[in-house]
Amino acid sequence: MHALKIQNVEKTYGKVNVLKGIDIEIEPGQFLILVGPSGCGKSTLLNMIAGLEEVTNGNIFIGDRDVTHLDPKDRDIAMVFQSYALYPNMTVRQNISFGLEIRKTEKSEQQVIVDKVSKLLQIEPLLDRKPKQLSGGQRQRVAMGRALARDPSIFLFDEPLSNLDAKLRVEMRSEIKELHQRVGTTIVYVTHDQIEAMTLGDVIAVMKDGEIQQMGSPQEIYDNPRNQFVAGFMGSPSMNFIPCQIEKVNGVMQIELESAGASHKMLIKQTIQGLESYAGKKVILGIRPEQITQQGEDKVDSAMLDCAVEIIEPTGPDTQITARINGVRTICRIHPTAECQLDKLMPLMLDMSKVVFFDPETQMRIY
Amino acid sequence: MSINRVLIYSLLGFVALIYLLPLVVMLITSLKDLDEIRTGTLLSLPQSLNFDAWGKAWGTACTGVSCEGLKGYFWNSVLIVVPAVVISTILGALNGYVLTKWKFKGSDLFFGMLLIGTMIPFQVILLPMARTLGFLGLSGTTSGLIMVHVIYGLAFTTLFFRNYYISIPNELVNAARIDGAGFWLIFWRIIIPVSIPIIVVSVIWQFTQIWNDFLFGVVYSSGDSQPITVALNNLVNTSTGIKEYNVDMAAAIIAALPTLLVYVVAGKYFVKGLTAGAVKG
């Protein structure tokens, strides 16, 4: 049983191919995130699920119904927009009940639903205000209330937090998560913010140029990116990409890293079948900042490298330092108490058990 | 108050005075009797408030052969202006709504062509429109004249509403569509309630244009259905020996009063609405 099934969906505007065959299937109650840089087609896809844009090719199913050519009102969906799109001439109460009124829900029942929703979102004191008398966060809540009142089978969120300031965004993010845990309705959520994607989603679809690059759980996508784009897009600061030479010495694969004028050989302590054929060639080493730490903890799979520190950026819980490895600026995340000084050599540990490799030509992961 | 301020305000006051002078002359002339007009100067004040000329202009002055004043023609104008303003404003709002929120293939081209309509002078359409009215059997009727004003005004009202609606976010319409509202419901419940400023602009513009119109009135109406502008012209041009300046002036003020009133009542919104549409257009 699926809540939403998108089957080979395409969208073209004239000759421009905006979506090139999208396939997605999610279970009821799942929180799907569509994430990608602007222009990747994620909002277009959401609008097509909503029925606001025509599907050029392919099919969309909500539950068991083929909704590909249905009107938005017949799809049993509700949507929260980036600009909230509250009706400016109506009070909060009227905004929430507008959809119910159109669907000819009885007045008394409308009242019950509005009360329930406003209690859930804690907007009871605002019910008689107009949207322009509300703050950004309150508008956001009302927009969610309007969606909730309809009790649809799928909620669609179109970058709902991008108009809020940083602090409020974090607050509303956890509220949305909590709401989902409580209500349990299927959600499709569009964002360009990878932290929102990681924190909110059960399933993340990373999109680029109208194609899904990878789909999976947040941890799966973070730990096992399928290509260099996904690896670089998810995670902040981004994964470091270091071009390096790979060799096979005595049956063991090793890479050569140059840092602070000295060259080091690093053993790869994972079995990566595909890497064999790259012996003697260049590959891209992908290593996340938290996989390069200060010396100290005794990690079996770690390798030591002396690095010259170029930038020190304390963030509080940890400190980011920038060093140059193989001529590439590499960000490392170290403990704030670790000793480091500008332009001094610092021994850093590379966790070689988690590093990934990419083909420099295709940018695909080497498995 | 600085010396600059004093200078600016006295200059403004002076210019306003010059600008208002014709109206003042009209007003005091209309309150004099003919003797006073002959003996006094243009600016000498009337000896008493004498509304005889106003009564005559309204009720008994001759406009051509009939001598029933402007009364009937004033109501003619009202009967022409009210439907023409209402219809052209509603249609303009609908056009603007479709051209911004329900775009169709070629809608921008359509709007471009409609814009040309704002640049066509009255005189150009006189003959083709006369033929059209004849073809429709509406020659010389009030409904025919209303139709001419609606069609001619549509280009302007559409332009106003389209430029206003383009600044209303499309997401608002999308939200209403998902809520289950259709084309008309969205128009009446969401769009019209936020359109008050531009409705005021459209009404003032159309009211002024149609009330003050002389050319269409004189060409497309006849006899008893003529608007007040045509009657005023006839009244001034009908002479029975002596020129009754006081009656002419009173008649002219009567003819101008409704537009004056509309500006006083709604003028504030006019500027606001015009700029609101213009900035985002």
# chains A, B, ... in the order shown; residues from 1 in each chain; ligands from 1
call {"tool": "interface_residues", "arguments": {"of": "chain A", "to": "chain B", "cutoff": "12 Å", "atoms": "only C-alpha atoms", "output": "ChimeraX atom specification"}}
result
/A:47,49-53,70-90,94-104,143-144,146-152,155-158
call {"tool": "write_last_selection", "arguments": {"atoms": "N, CA and C atoms", "output": "compact mmCIF listing (two decimals), in the first residue's frame"}}
result
# COMPACT_ATOMS: atom_id res chain seq x y z
N ASN A 47 3.97 21.08 -7.30
CA ASN A 47 2.79 21.67 -7.92
C ASN A 47 2.03 20.67 -8.78
N ILE A 49 1.96 17.42 -8.09
CA ILE A 49 1.25 16.56 -7.13
C ILE A 49 -0.03 17.27 -6.68
N ALA A 50 0.06 18.59 -6.52
CA ALA A 50 -1.09 19.37 -6.06
C ALA A 50 -2.13 19.54 -7.15
N GLY A 51 -1.71 19.38 -8.41
CA GLY A 51 -2.64 19.59 -9.51
C GLY A 51 -2.66 21.02 -10.00
N LEU A 52 -1.69 21.82 -9.57
CA LEU A 52 -1.63 23.21 -10.01
C LEU A 52 -0.91 23.34 -11.34
N GLU A 53 -0.16 22.29 -11.71
CA GLU A 53 0.49 22.29 -13.02
C GLU A 53 0.20 20.98 -13.72
N LEU A 70 -6.81 15.10 -12.37
CA LEU A 70 -7.87 15.65 -11.52
C LEU A 70 -7.58 17.09 -11.14
N ASP A 71 -8.64 17.83 -10.79
CA ASP A 71 -8.51 19.19 -10.26
C ASP A 71 -7.90 19.13 -8.86
N PRO A 72 -7.21 20.21 -8.45
CA PRO A 72 -6.63 20.22 -7.10
C PRO A 72 -7.66 19.88 -6.03
N LYS A 73 -8.89 20.37 -6.22
CA LYS A 73 -9.89 20.19 -5.16
C LYS A 73 -10.34 18.75 -5.02
N ASP A 74 -10.12 17.95 -6.07
CA ASP A 74 -10.57 16.56 -6.01
C ASP A 74 -9.46 15.59 -5.60
N ARG A 75 -8.30 16.13 -5.19
CA ARG A 75 -7.18 15.24 -4.93
C ARG A 75 -7.01 14.87 -3.46
N ASP A 76 -7.81 15.49 -2.60
CA ASP A 76 -7.70 15.23 -1.17
C ASP A 76 -6.32 15.58 -0.63
N ILE A 77 -5.91 16.81 -0.92
CA ILE A 77 -4.61 17.30 -0.47
C ILE A 77 -4.81 18.66 0.20
N ALA A 78 -3.81 19.09 0.95
CA ALA A 78 -3.79 20.47 1.45
C ALA A 78 -2.37 20.94 1.31
N MET A 79 -2.21 22.25 1.13
CA MET A 79 -0.88 22.75 0.83
C MET A 79 -0.55 23.97 1.67
N VAL A 80 0.69 24.05 2.10
CA VAL A 80 1.18 25.24 2.80
C VAL A 80 2.22 25.90 1.90
N PHE A 81 2.00 27.21 1.64
CA PHE A 81 2.84 27.89 0.66
C PHE A 81 3.96 28.69 1.33
N GLN A 82 4.97 28.98 0.52
CA GLN A 82 6.11 29.74 1.01
C GLN A 82 5.69 31.12 1.53
N SER A 83 4.78 31.78 0.80
CA SER A 83 4.34 33.12 1.23
C SER A 83 3.10 33.02 2.11
N TYR A 84 2.79 31.82 2.56
CA TYR A 84 1.62 31.52 3.41
C TYR A 84 0.30 31.65 2.67
N ALA A 85 0.20 32.65 1.76
CA ALA A 85 -1.01 32.82 0.95
C ALA A 85 -2.28 32.82 1.77
N LEU A 86 -2.27 33.54 2.88
CA LEU A 86 -3.50 33.69 3.66
C LEU A 86 -4.39 34.71 2.95
N TYR A 87 -5.71 34.48 3.00
CA TYR A 87 -6.63 35.41 2.35
C TYR A 87 -6.65 36.71 3.15
N PRO A 88 -6.18 37.81 2.56
CA PRO A 88 -5.96 39.03 3.34
C PRO A 88 -7.24 39.66 3.87
N ASN A 89 -8.38 39.40 3.22
CA ASN A 89 -9.62 40.05 3.62
C ASN A 89 -10.38 39.26 4.67
N MET A 90 -9.86 38.08 5.03
CA MET A 90 -10.59 37.24 5.98
C MET A 90 -9.84 37.15 7.31
N GLN A 94 -11.89 32.66 9.49
CA GLN A 94 -12.44 32.48 8.15
C GLN A 94 -11.43 31.82 7.21
N ASN A 95 -10.15 32.17 7.41
CA ASN A 95 -9.11 31.54 6.61
C ASN A 95 -9.12 30.03 6.81
N ILE A 96 -9.23 29.62 8.07
CA ILE A 96 -9.18 28.19 8.37
C ILE A 96 -10.42 27.48 7.87
N SER A 97 -11.59 28.16 7.97
CA SER A 97 -12.82 27.45 7.63
C SER A 97 -13.24 27.63 6.17
N PHE A 98 -12.51 28.44 5.41
CA PHE A 98 -12.90 28.71 4.02
C PHE A 98 -13.08 27.42 3.21
N GLY A 99 -12.08 26.54 3.32
CA GLY A 99 -12.14 25.28 2.58
C GLY A 99 -13.31 24.41 3.01
N LEU A 100 -13.60 24.45 4.32
CA LEU A 100 -14.73 23.66 4.85
C LEU A 100 -16.04 24.20 4.33
N GLU A 101 -16.11 25.55 4.30
CA GLU A 101 -17.32 26.21 3.85
C GLU A 101 -17.62 25.84 2.39
N ILE A 102 -16.56 25.85 1.58
CA ILE A 102 -16.75 25.52 0.17
C ILE A 102 -17.20 24.07 0.02
N ARG A 103 -16.67 23.21 0.88
CA ARG A 103 -17.08 21.80 0.83
C ARG A 103 -18.40 21.56 1.54
N LYS A 104 -19.06 22.66 1.93
CA LYS A 104 -20.39 22.58 2.52
C LYS A 104 -20.43 21.77 3.81
N ALA A 143 -1.37 29.22 8.39
CA ALA A 143 -1.33 28.51 7.11
C ALA A 143 -1.37 27.00 7.34
N MET A 144 -0.67 26.53 8.38
CA MET A 144 -0.71 25.11 8.69
C MET A 144 -2.09 24.71 9.20
N ARG A 146 -4.92 26.03 8.35
CA ARG A 146 -5.82 25.94 7.21
C ARG A 146 -5.68 24.58 6.54
N ALA A 147 -4.42 24.11 6.45
CA ALA A 147 -4.19 22.81 5.83
C ALA A 147 -4.74 21.69 6.71
N LEU A 148 -4.50 21.80 8.02
CA LEU A 148 -4.93 20.75 8.95
C LEU A 148 -6.45 20.60 8.98
N ALA A 149 -7.15 21.73 8.89
CA ALA A 149 -8.61 21.72 9.03
C ALA A 149 -9.25 20.80 8.00
N ARG A 150 -8.59 20.69 6.87
CA ARG A 150 -9.18 19.90 5.79
C ARG A 150 -9.01 18.41 6.01
N ASP A 151 -8.11 18.02 6.89
CA ASP A 151 -7.83 16.62 7.17
C ASP A 151 -7.62 15.81 5.88
N PRO A 152 -6.63 16.20 5.08
CA PRO A 152 -6.42 15.56 3.78
C PRO A 152 -5.62 14.27 3.93
N PHE A 155 -0.32 16.11 3.01
CA PHE A 155 0.03 17.53 3.15
C PHE A 155 1.17 17.85 2.21
N LEU A 156 1.07 19.00 1.55
CA LEU A 156 2.18 19.45 0.72
C LEU A 156 2.73 20.74 1.31
N PHE A 157 4.03 20.78 1.50
CA PHE A 157 4.67 21.98 2.03
C PHE A 157 5.65 22.51 0.99
N ASP A 158 5.49 23.78 0.61
CA ASP A 158 6.40 24.37 -0.37
C ASP A 158 7.32 25.37 0.34
call {"tool": "select_by_dssp", "arguments": {"residues": "segment 204-276 of chain A", "states": "helix (DSSP H, G or I)", "output": "VMD selection string"}}
result
chain A and resid 218 to 223 228 to 233 273 to 276
call {"tool": "select_by_dssp", "arguments": {"residues": "segment 218-280 of chain A", "states": "strand (DSSP E)", "output": "number ranges by chain"}}
result
A: 240-249, 252-259, 262-267
call {"tool": "closest_residue", "arguments": {"among": "A:Ile284, A:Ile176, A:Cys40, A:Ile195", "to": "Pro360 of chain A", "atoms": "only C-alpha atoms"}}
result
A:Ile284
call {"tool": "residues_around", "arguments": {"residues": "Val82 of chain B", "least_positions_apart": "4", "cutoff": "10 Å", "atoms": "only C-alpha atoms", "output": "list in words"}}
result
Ser77, Val78, Val86, Ile87, Ile146, Val203, Gln206, Phe207, Ile210 and Trp211 of chain B
call {"tool": "atom_distance", "arguments": {"atom1": "atom CA of Asp52 of chain B", "atom2": "atom CA of Gln226 of chain B"}}
result
24.8 Å
call {"tool": "decode", "arguments": {"residues": "segment 146-165 of chain A", "atoms": "C-alpha atoms", "output": "CSV table (one decimal), in the first residue's frame"}}
result
chain,number,residue,atom,x,y,z
A,146,ARG,CA,-5.8,25.9,7.2
A,147,ALA,CA,-4.2,22.8,5.8
A,148,LEU,CA,-4.9,20.8,9.0
A,149,ALA,CA,-8.6,21.7,9.0
A,150,ARG,CA,-9.2,19.9,5.8
A,151,ASP,CA,-7.8,16.6,7.2
A,152,PRO,CA,-6.4,15.6,3.8
A,153,SER,CA,-4.6,12.3,2.9
A,154,ILE,CA,-1.5,14.2,2.0
A,155,PHE,CA,0.0,17.5,3.2
A,156,LEU,CA,2.2,19.4,0.7
A,157,PHE,CA,4.7,22.0,2.0
A,158,ASP,CA,6.4,24.4,-0.4
A,159,GLU,CA,9.5,25.8,1.4
A,160,PRO,CA,7.3,26.9,4.3
A,161,LEU,CA,10.1,28.1,6.5
A,162,SER,CA,12.2,30.1,4.1
A,163,ASN,CA,10.5,33.4,4.9
A,164,LEU,CA,11.2,33.2,8.6
A,165,ASP,CA,14.3,34.4,10.5
